[in-house]
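Here's run.cif, which has mmCIF, C-alpha atoms and all ligand atoms:
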```
data_start
loop_
_atom_site.group_PDB
_atom_site.id
_atom_site.type_symbol
_atom_site.label_atom_id
_atom_site.label_comp_id
_atom_site.auth_asym_id
_atom_site.auth_seq_id
_atom_site.Cartn_x
_atom_site.Cartn_y
_atom_site.Cartn_z
ATOM 1 C CA MET C 96 -17.522 7.256 18.585
ATOM 2 C CA SER C 97 -17.551 7.613 14.837
ATOM 3 C CA LYS C 98 -16.209 4.952 12.546
ATOM 4 C CA HIS C 99 -12.734 5.365 11.156
ATOM 5 C CA ILE C 100 -12.041 4.293 7.594
ATOM 6 C CA HIS C 101 -8.528 3.981 6.235
ATOM 7 C CA VAL C 102 -8.018 3.877 2.490
ATOM 8 C CA VAL C 103 -4.861 2.405 0.982
ATOM 9 C CA VAL C 104 -4.492 4.008 -2.437
ATOM 10 C CA ASN C 105 -2.344 2.497 -5.158
ATOM 11 C CA PRO C 106 -1.763 5.538 -7.388
ATOM 12 C CA ALA C 107 -0.185 3.345 -10.073
ATOM 13 C CA SER C 108 -3.348 1.309 -10.589
ATOM 14 C CA GLY C 109 -5.079 1.304 -13.926
ATOM 15 C CA GLN C 110 -7.830 3.914 -13.506
ATOM 16 C CA ASN C 111 -7.190 7.559 -14.249
ATOM 17 C CA GLU C 112 -9.666 9.283 -11.934
ATOM 18 C CA PRO C 113 -9.577 11.750 -9.046
ATOM 19 C CA VAL C 114 -9.991 9.689 -5.880
ATOM 20 C CA LEU C 115 -10.010 12.085 -2.934
ATOM 21 C CA ASN C 116 -12.839 14.328 -4.169
ATOM 22 C CA ALA C 117 -15.090 11.338 -4.750
ATOM 23 C CA LEU C 118 -14.321 9.857 -1.333
ATOM 24 C CA ASN C 119 -14.882 13.182 0.381
ATOM 25 C CA GLU C 120 -18.208 13.587 -1.358
ATOM 26 C CA VAL C 121 -19.400 10.187 -0.144
ATOM 27 C CA PHE C 122 -17.752 9.891 3.281
ATOM 28 C CA GLN C 123 -18.062 13.447 4.632
ATOM 29 C CA PRO C 124 -21.873 13.633 5.016
ATOM 30 C CA THR C 125 -21.954 10.306 6.917
ATOM 31 C CA GLY C 126 -19.842 11.585 9.812
ATOM 32 C CA VAL C 127 -17.109 8.942 9.513
ATOM 33 C CA THR C 128 -13.494 9.948 9.915
ATOM 34 C CA TRP C 129 -11.144 8.783 7.235
ATOM 35 C CA SER C 130 -7.502 8.730 6.283
ATOM 36 C CA VAL C 131 -5.520 7.809 3.217
ATOM 37 C CA SER C 132 -2.103 6.315 2.621
ATOM 38 C CA VAL C 133 -0.462 6.057 -0.766
ATOM 39 C CA THR C 134 1.641 3.106 -1.865
ATOM 40 C CA LYS C 135 4.956 3.562 -3.629
ATOM 41 C CA THR C 136 6.273 0.099 -4.009
ATOM 42 C CA HIS C 137 5.412 -3.572 -3.650
ATOM 43 C CA GLY C 138 4.708 -4.464 -0.021
ATOM 44 C CA ASP C 139 3.513 -0.974 1.008
ATOM 45 C CA ALA C 140 -0.176 -1.869 0.773
ATOM 46 C CA ARG C 141 0.278 -4.870 3.033
ATOM 47 C CA ARG C 142 2.222 -2.872 5.614
ATOM 48 C CA GLN C 143 -0.109 0.146 5.509
ATOM 49 C CA ALA C 144 -3.186 -2.082 5.903
ATOM 50 C CA SER C 145 -1.675 -3.887 8.854
ATOM 51 C CA GLU C 146 -0.668 -0.601 10.518
ATOM 52 C CA ALA C 147 -4.117 0.880 9.965
ATOM 53 C CA ALA C 148 -5.746 -2.189 11.536
ATOM 54 C CA GLU C 149 -3.414 -2.013 14.537
ATOM 55 C CA GLY C 150 -4.085 1.712 14.784
ATOM 56 C CA GLY C 151 -7.795 1.112 15.290
ATOM 57 C CA ALA C 152 -9.324 1.533 11.827
ATOM 58 C CA ASP C 153 -12.820 0.035 11.656
ATOM 59 C CA ILE C 154 -12.556 -0.704 7.941
ATOM 60 C CA VAL C 155 -9.449 -0.804 5.765
ATOM 61 C CA VAL C 156 -10.140 -0.116 2.120
ATOM 62 C CA ALA C 157 -8.065 -1.031 -0.922
ATOM 63 C CA TYR C 158 -8.157 1.344 -3.879
ATOM 64 C CA GLY C 159 -6.521 -0.465 -6.785
ATOM 65 C CA GLY C 160 -6.724 -3.707 -8.723
ATOM 66 C CA ASP C 161 -6.554 -7.324 -7.627
ATOM 67 C CA GLY C 162 -2.859 -7.034 -6.741
ATOM 68 C CA THR C 163 -3.584 -4.196 -4.306
ATOM 69 C CA VAL C 164 -6.581 -6.006 -2.819
ATOM 70 C CA MET C 165 -4.452 -9.109 -2.328
ATOM 71 C CA GLU C 166 -1.749 -7.104 -0.534
ATOM 72 C CA VAL C 167 -4.263 -5.391 1.747
ATOM 73 C CA VAL C 168 -5.789 -8.793 2.571
ATOM 74 C CA ASN C 169 -2.318 -10.049 3.467
ATOM 75 C CA GLY C 170 -2.120 -7.176 5.959
ATOM 76 C CA LEU C 171 -5.601 -7.792 7.389
ATOM 77 C CA VAL C 172 -5.873 -11.574 7.800
ATOM 78 C CA GLY C 173 -6.032 -12.347 11.500
ATOM 79 C CA THR C 174 -6.854 -8.771 12.571
ATOM 80 C CA GLY C 175 -10.648 -9.100 12.310
ATOM 81 C CA VAL C 176 -10.817 -5.714 10.556
ATOM 82 C CA PRO C 177 -13.096 -5.761 7.504
ATOM 83 C CA LEU C 178 -11.879 -5.079 3.986
ATOM 84 C CA GLY C 179 -13.542 -2.496 1.748
ATOM 85 C CA ILE C 180 -12.853 -2.474 -1.978
ATOM 86 C CA LEU C 181 -12.733 0.446 -4.413
ATOM 87 C CA PRO C 182 -12.117 -1.091 -7.840
ATOM 88 C CA GLY C 183 -9.358 1.084 -9.271
ATOM 89 C CA GLY C 184 -7.271 -1.325 -11.280
ATOM 90 C CA THR C 185 -7.298 -2.766 -14.751
ATOM 91 C CA GLY C 186 -8.278 -6.117 -13.253
ATOM 92 C CA ASN C 187 -10.896 -5.927 -10.491
ATOM 93 C CA VAL C 188 -11.925 -9.560 -10.527
ATOM 94 C CA PHE C 189 -12.358 -10.064 -6.815
ATOM 95 C CA SER C 190 -14.552 -6.977 -6.482
ATOM 96 C CA ILE C 191 -16.790 -8.375 -9.233
ATOM 97 C CA GLU C 192 -16.893 -11.749 -7.482
ATOM 98 C CA VAL C 193 -18.335 -10.135 -4.334
ATOM 99 C CA GLY C 194 -20.722 -7.838 -6.212
ATOM 100 C CA ILE C 195 -19.003 -4.475 -5.627
ATOM 101 C CA PRO C 196 -20.206 -1.743 -8.051
ATOM 102 C CA GLN C 197 -17.507 -0.829 -10.548
ATOM 103 C CA THR C 198 -17.665 2.965 -10.248
ATOM 104 C CA LEU C 199 -15.784 4.765 -7.499
ATOM 105 C CA VAL C 200 -18.683 6.708 -5.982
ATOM 106 C CA GLU C 201 -21.013 3.703 -5.892
ATOM 107 C CA ALA C 202 -18.304 1.469 -4.424
ATOM 108 C CA ALA C 203 -17.538 4.108 -1.760
ATOM 109 C CA GLN C 204 -21.249 4.254 -0.884
ATOM 110 C CA ILE C 205 -21.143 0.530 -0.112
ATOM 111 C CA ILE C 206 -18.344 1.104 2.401
ATOM 112 C CA VAL C 207 -20.456 3.525 4.444
ATOM 113 C CA GLY C 208 -23.867 2.113 3.475
ATOM 114 C CA ASP C 209 -26.350 1.331 6.253
ATOM 115 C CA ASP C 210 -27.616 -1.772 4.508
ATOM 116 C CA SER C 211 -24.193 -3.098 3.471
ATOM 117 C CA LEU C 212 -23.273 -6.575 4.661
ATOM 118 C CA ILE C 213 -20.061 -7.862 6.150
ATOM 119 C CA ARG C 214 -19.459 -11.123 4.354
ATOM 120 C CA GLN C 215 -16.972 -13.741 5.543
ATOM 121 C CA VAL C 216 -14.854 -14.904 2.648
ATOM 122 C CA ASP C 217 -12.358 -17.767 2.444
ATOM 123 C CA VAL C 218 -8.715 -16.917 1.908
ATOM 124 C CA GLY C 219 -6.106 -19.140 0.296
ATOM 125 C CA HIS C 220 -2.902 -19.607 2.270
ATOM 126 C CA CYS C 221 0.201 -20.653 0.417
ATOM 127 C CA GLU C 222 3.485 -21.837 1.873
ATOM 128 C CA LYS C 223 6.816 -22.705 0.371
ATOM 129 C CA LYS C 224 9.982 -23.863 2.093
ATOM 130 C CA ASP C 225 12.036 -20.911 0.831
ATOM 131 C CA TRP C 226 9.522 -18.214 1.866
ATOM 132 C CA GLU C 227 9.842 -16.310 5.096
ATOM 133 C CA HIS C 228 6.074 -15.670 5.311
ATOM 134 C CA ALA C 229 3.048 -17.456 3.920
ATOM 135 C CA LYS C 230 1.250 -15.657 1.093
ATOM 136 C CA HIS C 231 -2.503 -15.273 0.919
ATOM 137 C CA PHE C 232 -4.632 -15.227 -2.197
ATOM 138 C CA LEU C 233 -8.252 -14.547 -3.023
ATOM 139 C CA LEU C 234 -8.652 -15.771 -6.585
ATOM 140 C CA ARG C 235 -6.427 -18.640 -7.586
ATOM 141 C CA VAL C 236 -3.020 -20.193 -7.771
ATOM 142 C CA ALA C 237 -2.038 -21.659 -11.123
ATOM 143 C CA THR C 238 0.903 -23.828 -12.027
ATOM 144 C CA GLY C 239 2.355 -24.292 -15.481
ATOM 145 C CA PHE C 240 1.173 -20.915 -16.704
ATOM 146 C CA ASP C 241 3.288 -18.316 -18.396
ATOM 147 C CA ALA C 242 2.720 -15.439 -15.976
ATOM 148 C CA GLN C 243 3.091 -12.742 -18.590
ATOM 149 C CA ARG C 244 0.404 -14.088 -20.826
ATOM 150 C CA ILE C 245 -2.359 -15.159 -18.484
ATOM 151 C CA ASN C 246 -4.705 -12.442 -19.618
ATOM 152 C CA LEU C 247 -4.423 -13.018 -23.363
ATOM 153 C CA THR C 248 -8.028 -12.914 -24.358
ATOM 154 C CA ASP C 249 -8.952 -10.900 -27.418
ATOM 155 C CA ARG C 250 -12.326 -9.666 -28.579
ATOM 156 C CA LYS C 251 -12.465 -12.189 -31.437
ATOM 157 C CA LEU C 252 -12.218 -15.005 -28.962
ATOM 158 C CA ARG C 253 -14.874 -13.409 -26.753
ATOM 159 C CA ASP C 254 -17.242 -13.031 -29.700
ATOM 160 C CA LYS C 255 -16.695 -16.602 -30.769
ATOM 161 C CA TYR C 256 -16.827 -18.407 -27.454
ATOM 162 C CA GLY C 257 -18.683 -15.937 -25.248
ATOM 163 C CA LYS C 258 -18.350 -16.664 -21.578
ATOM 164 C CA MET C 259 -15.738 -19.344 -21.987
ATOM 165 C CA ALA C 260 -13.337 -17.059 -23.851
ATOM 166 C CA TYR C 261 -11.460 -15.864 -20.782
ATOM 167 C CA PHE C 262 -10.718 -19.371 -19.714
ATOM 168 C CA ILE C 263 -9.706 -20.400 -23.218
ATOM 169 C CA GLY C 264 -7.632 -17.223 -23.542
ATOM 170 C CA ALA C 265 -5.780 -17.989 -20.372
ATOM 171 C CA LEU C 266 -5.106 -21.538 -21.412
ATOM 172 C CA ARG C 267 -4.160 -20.850 -24.998
ATOM 173 C CA ALA C 268 -1.557 -18.429 -23.718
ATOM 174 C CA ILE C 269 0.399 -21.386 -22.532
ATOM 175 C CA PRO C 270 3.122 -22.324 -24.936
ATOM 176 C CA GLU C 271 2.943 -25.818 -26.384
ATOM 177 C CA THR C 272 3.439 -27.845 -23.293
ATOM 178 C CA LYS C 273 3.751 -31.540 -22.735
ATOM 179 C CA PRO C 274 1.931 -32.931 -19.719
ATOM 180 C CA VAL C 275 4.097 -33.371 -16.654
ATOM 181 C CA LYS C 276 3.638 -35.683 -13.711
ATOM 182 C CA TYR C 277 1.802 -34.033 -10.842
ATOM 183 C CA THR C 278 1.599 -35.445 -7.345
ATOM 184 C CA PHE C 279 -1.248 -33.956 -5.352
ATOM 185 C CA THR C 280 -1.766 -34.578 -1.678
ATOM 186 C CA LEU C 281 -5.402 -33.691 -1.090
ATOM 187 C CA ASP C 282 -6.330 -33.653 2.608
ATOM 188 C CA GLY C 283 -3.792 -36.427 3.116
ATOM 189 C CA GLU C 284 -4.719 -38.504 0.078
ATOM 190 C CA VAL C 285 -2.042 -38.844 -2.596
ATOM 191 C CA VAL C 286 -3.096 -38.648 -6.239
ATOM 192 C CA GLU C 287 -0.657 -38.906 -9.142
ATOM 193 C CA ILE C 288 -1.817 -37.631 -12.505
ATOM 194 C CA GLU C 289 -0.420 -36.000 -15.610
ATOM 195 C CA GLY C 290 -1.395 -32.505 -16.595
ATOM 196 C CA VAL C 291 -0.282 -29.384 -18.451
ATOM 197 C CA THR C 292 -1.682 -26.921 -15.964
ATOM 198 C CA CYS C 293 -3.279 -26.946 -12.571
ATOM 199 C CA LEU C 294 -5.585 -24.360 -11.020
ATOM 200 C CA VAL C 295 -6.298 -24.088 -7.312
ATOM 201 C CA GLU C 296 -9.375 -21.913 -7.114
ATOM 202 C CA ASN C 297 -10.750 -19.930 -4.214
ATOM 203 C CA ALA C 298 -12.887 -17.791 -6.528
ATOM 204 C CA GLY C 299 -14.120 -19.080 -9.873
ATOM 205 C CA ASN C 300 -14.598 -15.626 -11.385
ATOM 206 C CA MET C 301 -12.477 -15.074 -14.480
ATOM 207 C CA GLY C 302 -12.885 -11.319 -14.723
ATOM 208 C CA ILE C 303 -16.180 -10.176 -16.154
ATOM 209 C CA GLN C 304 -19.493 -9.773 -14.412
ATOM 210 C CA GLY C 305 -21.313 -13.056 -14.099
ATOM 211 C CA LEU C 306 -18.574 -15.111 -15.719
ATOM 212 C CA SER C 307 -17.254 -17.909 -13.614
ATOM 213 C CA LEU C 308 -15.180 -20.949 -14.484
ATOM 214 C CA ALA C 309 -17.992 -22.923 -12.940
ATOM 215 C CA PRO C 310 -21.062 -21.745 -11.084
ATOM 216 C CA ASP C 311 -20.420 -23.935 -8.082
ATOM 217 C CA ILE C 312 -16.953 -22.680 -7.145
ATOM 218 C CA SER C 313 -17.677 -20.815 -3.932
ATOM 219 C CA ILE C 314 -15.572 -18.323 -1.971
ATOM 220 C CA SER C 315 -17.361 -19.265 1.201
ATOM 221 C CA ASP C 316 -17.704 -23.071 1.164
ATOM 222 C CA GLY C 317 -14.472 -23.714 3.048
ATOM 223 C CA LEU C 318 -13.012 -25.722 0.161
ATOM 224 C CA LEU C 319 -10.471 -25.206 -2.591
ATOM 225 C CA ASP C 320 -11.366 -26.372 -6.088
ATOM 226 C CA VAL C 321 -8.334 -28.115 -7.564
ATOM 227 C CA ILE C 322 -8.473 -28.499 -11.320
ATOM 228 C CA CYS C 323 -5.803 -30.292 -13.290
ATOM 229 C CA VAL C 324 -6.043 -30.014 -17.070
ATOM 230 C CA TYR C 325 -4.507 -32.675 -19.265
ATOM 231 C CA ASN C 326 -5.402 -31.352 -22.718
ATOM 232 C CA LEU C 327 -5.699 -27.769 -23.867
ATOM 233 C CA ASP C 328 -7.832 -28.082 -26.984
ATOM 234 C CA PHE C 329 -11.317 -26.662 -27.115
ATOM 235 C CA ALA C 330 -13.156 -29.969 -26.989
ATOM 236 C CA SER C 331 -11.394 -31.062 -23.856
ATOM 237 C CA LEU C 332 -11.942 -27.678 -22.220
ATOM 238 C CA SER C 333 -15.585 -27.887 -22.986
ATOM 239 C CA SER C 334 -15.837 -31.334 -21.466
ATOM 240 C CA ALA C 335 -13.746 -30.106 -18.574
ATOM 241 C CA ILE C 336 -16.164 -27.341 -17.788
ATOM 242 C CA LYS C 337 -19.042 -29.747 -18.066
ATOM 243 C CA SER C 338 -17.290 -32.062 -15.684
ATOM 244 C CA ILE C 339 -16.976 -29.273 -13.131
ATOM 245 C CA THR C 340 -20.648 -28.570 -13.417
ATOM 246 C CA ASN C 341 -21.259 -32.302 -12.963
ATOM 247 C CA ILE C 342 -22.913 -32.759 -16.342
ATOM 248 C CA ASP C 343 -20.246 -34.975 -17.744
ATOM 249 C CA GLN C 344 -17.039 -36.328 -16.300
ATOM 250 C CA ASP C 345 -14.127 -36.892 -18.614
ATOM 251 C CA PRO C 346 -11.207 -37.961 -16.453
ATOM 252 C CA GLU C 347 -8.852 -38.234 -19.439
ATOM 253 C CA ASN C 348 -8.787 -34.484 -20.026
ATOM 254 C CA PHE C 349 -9.634 -32.961 -16.733
ATOM 255 C CA HIS C 350 -9.584 -33.739 -13.059
ATOM 256 C CA HIS C 351 -11.484 -31.840 -10.439
ATOM 257 C CA PHE C 352 -11.019 -32.266 -6.707
ATOM 258 C CA ARG C 353 -12.117 -30.382 -3.646
ATOM 259 C CA ALA C 354 -9.978 -30.164 -0.546
ATOM 260 C CA ARG C 355 -9.127 -27.997 2.415
ATOM 261 C CA GLU C 356 -5.440 -28.486 1.863
ATOM 262 C CA VAL C 357 -3.441 -29.502 -1.182
ATOM 263 C CA SER C 358 0.255 -30.005 -1.709
ATOM 264 C CA ILE C 359 1.423 -29.937 -5.296
ATOM 265 C CA ALA C 360 4.669 -31.408 -6.536
ATOM 266 C CA SER C 361 5.543 -31.931 -10.157
ATOM 267 C CA ASP C 362 8.250 -33.528 -12.230
ATOM 268 C CA PRO C 363 9.707 -31.393 -13.711
ATOM 269 C CA SER C 364 9.072 -28.430 -11.422
ATOM 270 C CA GLN C 365 6.466 -25.952 -12.760
ATOM 271 C CA SER C 366 6.131 -22.194 -12.340
ATOM 272 C CA ILE C 367 3.498 -20.892 -9.924
ATOM 273 C CA VAL C 368 1.339 -17.786 -10.321
ATOM 274 C CA GLY C 369 -0.668 -16.564 -7.311
ATOM 275 C CA ASP C 370 -3.386 -13.962 -8.015
ATOM 276 C CA GLY C 371 -1.437 -12.885 -11.090
ATOM 277 C CA GLU C 372 1.963 -12.687 -9.379
ATOM 278 C CA LYS C 373 4.945 -14.961 -9.985
ATOM 279 C CA TRP C 374 5.453 -17.157 -6.947
ATOM 280 C CA GLY C 375 8.433 -19.286 -7.960
ATOM 281 C CA LYS C 376 8.139 -22.982 -8.687
ATOM 282 C CA THR C 377 6.534 -26.146 -7.343
ATOM 283 C CA PRO C 378 6.435 -27.810 -4.825
ATOM 284 C CA VAL C 379 3.906 -25.751 -2.934
ATOM 285 C CA THR C 380 1.352 -26.292 -0.174
ATOM 286 C CA ILE C 381 -1.972 -24.488 -0.247
ATOM 287 C CA LYS C 382 -4.541 -24.415 2.537
ATOM 288 C CA LEU C 383 -7.869 -22.743 2.806
ATOM 289 C CA LEU C 384 -8.575 -20.440 5.726
ATOM 290 C CA PRO C 385 -12.380 -20.571 5.935
ATOM 291 C CA GLY C 386 -14.016 -17.170 6.390
ATOM 292 C CA ALA C 387 -10.647 -15.575 7.136
ATOM 293 C CA ILE C 388 -11.466 -12.123 5.782
ATOM 294 C CA ASP C 389 -14.543 -9.982 6.347
ATOM 295 C CA VAL C 390 -15.509 -8.036 3.234
ATOM 296 C CA VAL C 391 -17.914 -5.102 3.092
ATOM 297 C CA THR C 392 -20.358 -5.992 0.313
ATOM 298 C CA PRO C 393 -23.666 -4.639 -0.993
ATOM 299 C CA GLY C 394 -26.744 -5.641 1.008
ATOM 300 C CA GLY C 395 -28.892 -8.320 -0.529
ATOM 301 C CA GLU C 396 -25.972 -10.176 -2.137
ATOM 302 C CA SER C 397 -25.571 -13.785 -1.176
HETATM 303 MG MG MG C 401 -14.372 -22.685 -2.255
#
```
What does this structure look like when you write it as C-alpha cells?
Amino acid sequence: MSKHIHVVVNPASGQNEPVLNALNEVFQPTGVTWSVSVTKTHGDARRQASEAAEGGADIVVAYGGDGTVMEVVNGLVGTGVPLGILPGGTGNVFSIEVGIPQTLVEAAQIIVGDDSLIRQVDVGHCEKKDWEHAKHFLLRVATGFDAQRINLTDRKLRDKYGKMAYFIGALRAIPETKPVKYTFTLDGEVVEIEGVTCLVENAGNMGIQGLSLAPDISISDGLLDVICVYNLDFASLSSAIKSITNIDQDPENFHHFRAREVSIASDPSQSIVGDGEKWGKTPVTIKLLPGAIDVVTPGGES
C-alpha cells in the first residue's frame, strides 16, 4: 500500500508562493497519495493534524511558520505519526533547528526522500491550573517578555554583535524591568532567585541557520535548559552565554539549570510566552516529553 501524506496548509503564513503545484511536482512521481487541508483560524491546524493521524495518514506535514508547526505537533503528540515540515512562515526556527531546507521543493523532497531520517525530538509540555488542555512547545517558553516585541532585532544590531544579536534583540525588547523573585522547582528541588526574565528552552536555535543560544542545548537530550537572567546589559549577557557554554560561570547575572520538570512561580506574577504565543501568567509547570514527536529530517543530520 502506498504511503499517504496529509499536508496542513496555513494560507495566512508569511510566504507568498504557490504550494500545490510544487507539492504535486515532488509527490506525484513517487507514487504517494496525498491530501491537503487549509486552516482558517487558530486551532484548525491542531484539529486537522489530529484527524489526519486518526484517519491513517503516514506523515502529517505542516506548511507554515513556527506557530503552525506547534499546532500540528499539538495534534500529533501521542499518535506516533511523524511530522513533516514545509517552512512557509516568516519564522521557521524549528525547521532550521532540525536541518530542513528552506525552499518548498527541497523541503518537500525530504518528506518523500528515500534517505530521509525519522528523528525523535523532545517536546515541551506546559500545564496551568486554568487551562483545559496542556500545551506543547518545541522551541521555548519565556517569562517576563513583552510578547509583541520578542523579535526586535535590527540589522544594525546583527552587524555589530553577529550571532548574539538575536538574543540581545529579544532581551533588549523588554521594557526597563526590575528583577522579581522567582521560585523554581527543578525536579523537586526548590531554588529561589531574582531575575528579569526566564527562558525554558527545548531548542536553543534563535532563528537563523547555525545560530543557537548555546551549542549544547539539545532537542533530544531529554532535558529542559532553564535560564534565568538577572541583568540585561551586554556584559552580563556575554558572561551569561559563556556560562552556558561552561567557559565561565557568573551566578550574579545568570543562572542555568537543567531539569526534566520545572515549576515556575514569581512574585509578582509574570507574563508567559510559549513558542511566540501569549500563554497568560505565572505560575506554570513545564515538563519535557523525551522523544515525543517523530520528525522527518534530511538524512545524514545528527
Ligand atoms: Mg534539551
So which residues touch range 310-320 of chain C within 9 Å, counting only C-alpha atoms, skipping near sequence neighbours fewer than 4 positions away, as a PDB file with C-alpha atoms, in the frame of the given file?
```pdb
ATOM      1  CA  GLU C 192     -16.893 -11.749  -7.482  1.00  0.00           C
ATOM      2  CA  VAL C 193     -18.335 -10.135  -4.334  1.00  0.00           C
ATOM      3  CA  ARG C 214     -19.459 -11.123   4.354  1.00  0.00           C
ATOM      4  CA  GLN C 215     -16.972 -13.741   5.543  1.00  0.00           C
ATOM      5  CA  VAL C 216     -14.854 -14.904   2.648  1.00  0.00           C
ATOM      6  CA  ASP C 217     -12.358 -17.767   2.444  1.00  0.00           C
ATOM      7  CA  VAL C 218      -8.715 -16.917   1.908  1.00  0.00           C
ATOM      8  CA  GLY C 219      -6.106 -19.140   0.296  1.00  0.00           C
ATOM      9  CA  LEU C 233      -8.252 -14.547  -3.023  1.00  0.00           C
ATOM     10  CA  LEU C 234      -8.652 -15.771  -6.585  1.00  0.00           C
ATOM     11  CA  LEU C 294      -5.585 -24.360 -11.020  1.00  0.00           C
ATOM     12  CA  VAL C 295      -6.298 -24.088  -7.312  1.00  0.00           C
ATOM     13  CA  GLU C 296      -9.375 -21.913  -7.114  1.00  0.00           C
ATOM     14  CA  ASN C 297     -10.750 -19.930  -4.214  1.00  0.00           C
ATOM     15  CA  ALA C 298     -12.887 -17.791  -6.528  1.00  0.00           C
ATOM     16  CA  GLY C 299     -14.120 -19.080  -9.873  1.00  0.00           C
ATOM     17  CA  ASN C 300     -14.598 -15.626 -11.385  1.00  0.00           C
ATOM     18  CA  LEU C 306     -18.574 -15.111 -15.719  1.00  0.00           C
ATOM     19  CA  ILE C 339     -16.976 -29.273 -13.131  1.00  0.00           C
ATOM     20  CA  THR C 340     -20.648 -28.570 -13.417  1.00  0.00           C
ATOM     21  CA  HIS C 351     -11.484 -31.840 -10.439  1.00  0.00           C
ATOM     22  CA  PHE C 352     -11.019 -32.266  -6.707  1.00  0.00           C
ATOM     23  CA  ARG C 353     -12.117 -30.382  -3.646  1.00  0.00           C
ATOM     24  CA  ALA C 354      -9.978 -30.164  -0.546  1.00  0.00           C
ATOM     25  CA  ARG C 355      -9.127 -27.997   2.415  1.00  0.00           C
ATOM     26  CA  GLU C 356      -5.440 -28.486   1.863  1.00  0.00           C
ATOM     27  CA  VAL C 357      -3.441 -29.502  -1.182  1.00  0.00           C
ATOM     28  CA  ILE C 381      -1.972 -24.488  -0.247  1.00  0.00           C
ATOM     29  CA  LYS C 382      -4.541 -24.415   2.537  1.00  0.00           C
ATOM     30  CA  LEU C 383      -7.869 -22.743   2.806  1.00  0.00           C
ATOM     31  CA  LEU C 384      -8.575 -20.440   5.726  1.00  0.00           C
ATOM     32  CA  PRO C 385     -12.380 -20.571   5.935  1.00  0.00           C
ATOM     33  CA  GLY C 386     -14.016 -17.170   6.390  1.00  0.00           C
TER      34      GLY C 386
END
```
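Considering only C-alpha atoms and all ligand atoms, the residue among C:Arg235, C:Gly150, C:Val207, C:Asp370 positioned nearest to ligand MG 401 (chain C) is C:Arg235.
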>> Please expand the PyMOL selection byres (((chain C and resi 180) around 7) and not hetatm) into the concrete residues it hits in this file, giving the result as a list in words.
In response: Val156, Ala157, Tyr158, Leu178, Gly179, Leu181, Pro182 and Ser190 of chain C
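Among the candidate residues C:Val155, C:His220, C:Glu227, C:Pro363, the one lying nearest to Val291 in chain C is C:Pro363, with distances computed using all atoms listed in the file.
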>> If the PyMOL selection byres (((chain C and resi 161) around 7) and not hetatm) were run on this exact file, what residues would it hold? Put them as a PyMOL selection string.
In response: chain C and resi 159-160+162-165+186-189
> Hey, can you check how far CA of Ala107 in chain C sits from CA of Thr185 in chain C?
Replying inline: 10.5 Å
>> Residues within 8 Å of Lys230 in chain C, please, as a PyMOL selection string. Count all atoms listed in the file; anything in the same chain fewer than 4 positions from it doesn't count.
In response: chain C and resi 169+220-222
>> Restricting the calculation to only C-alpha atoms and all ligand atoms: of C:Val321, C:Ile191, C:Ile100, C:Ile388, which residue gets closest to ligand MG 401 (chain C)?
In response: C:Val321
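The smallest atom-to-atom distance between Ala229 in chain C and any of C:Val172, C:Thr136, C:Gly109, C:Asn119, using all atoms listed in the file, is found for C:Val172.
Distance annotation: of C:Lys135, C:His228, C:Arg142, C:His101, the residue with the minimal separation from Ile206 in chain C is C:His101; atom set is all atoms listed in the file.
Note that the spacing between CA of Thr278 in chain C and CA of Asp362 in chain C amounts to 8.5 Å.
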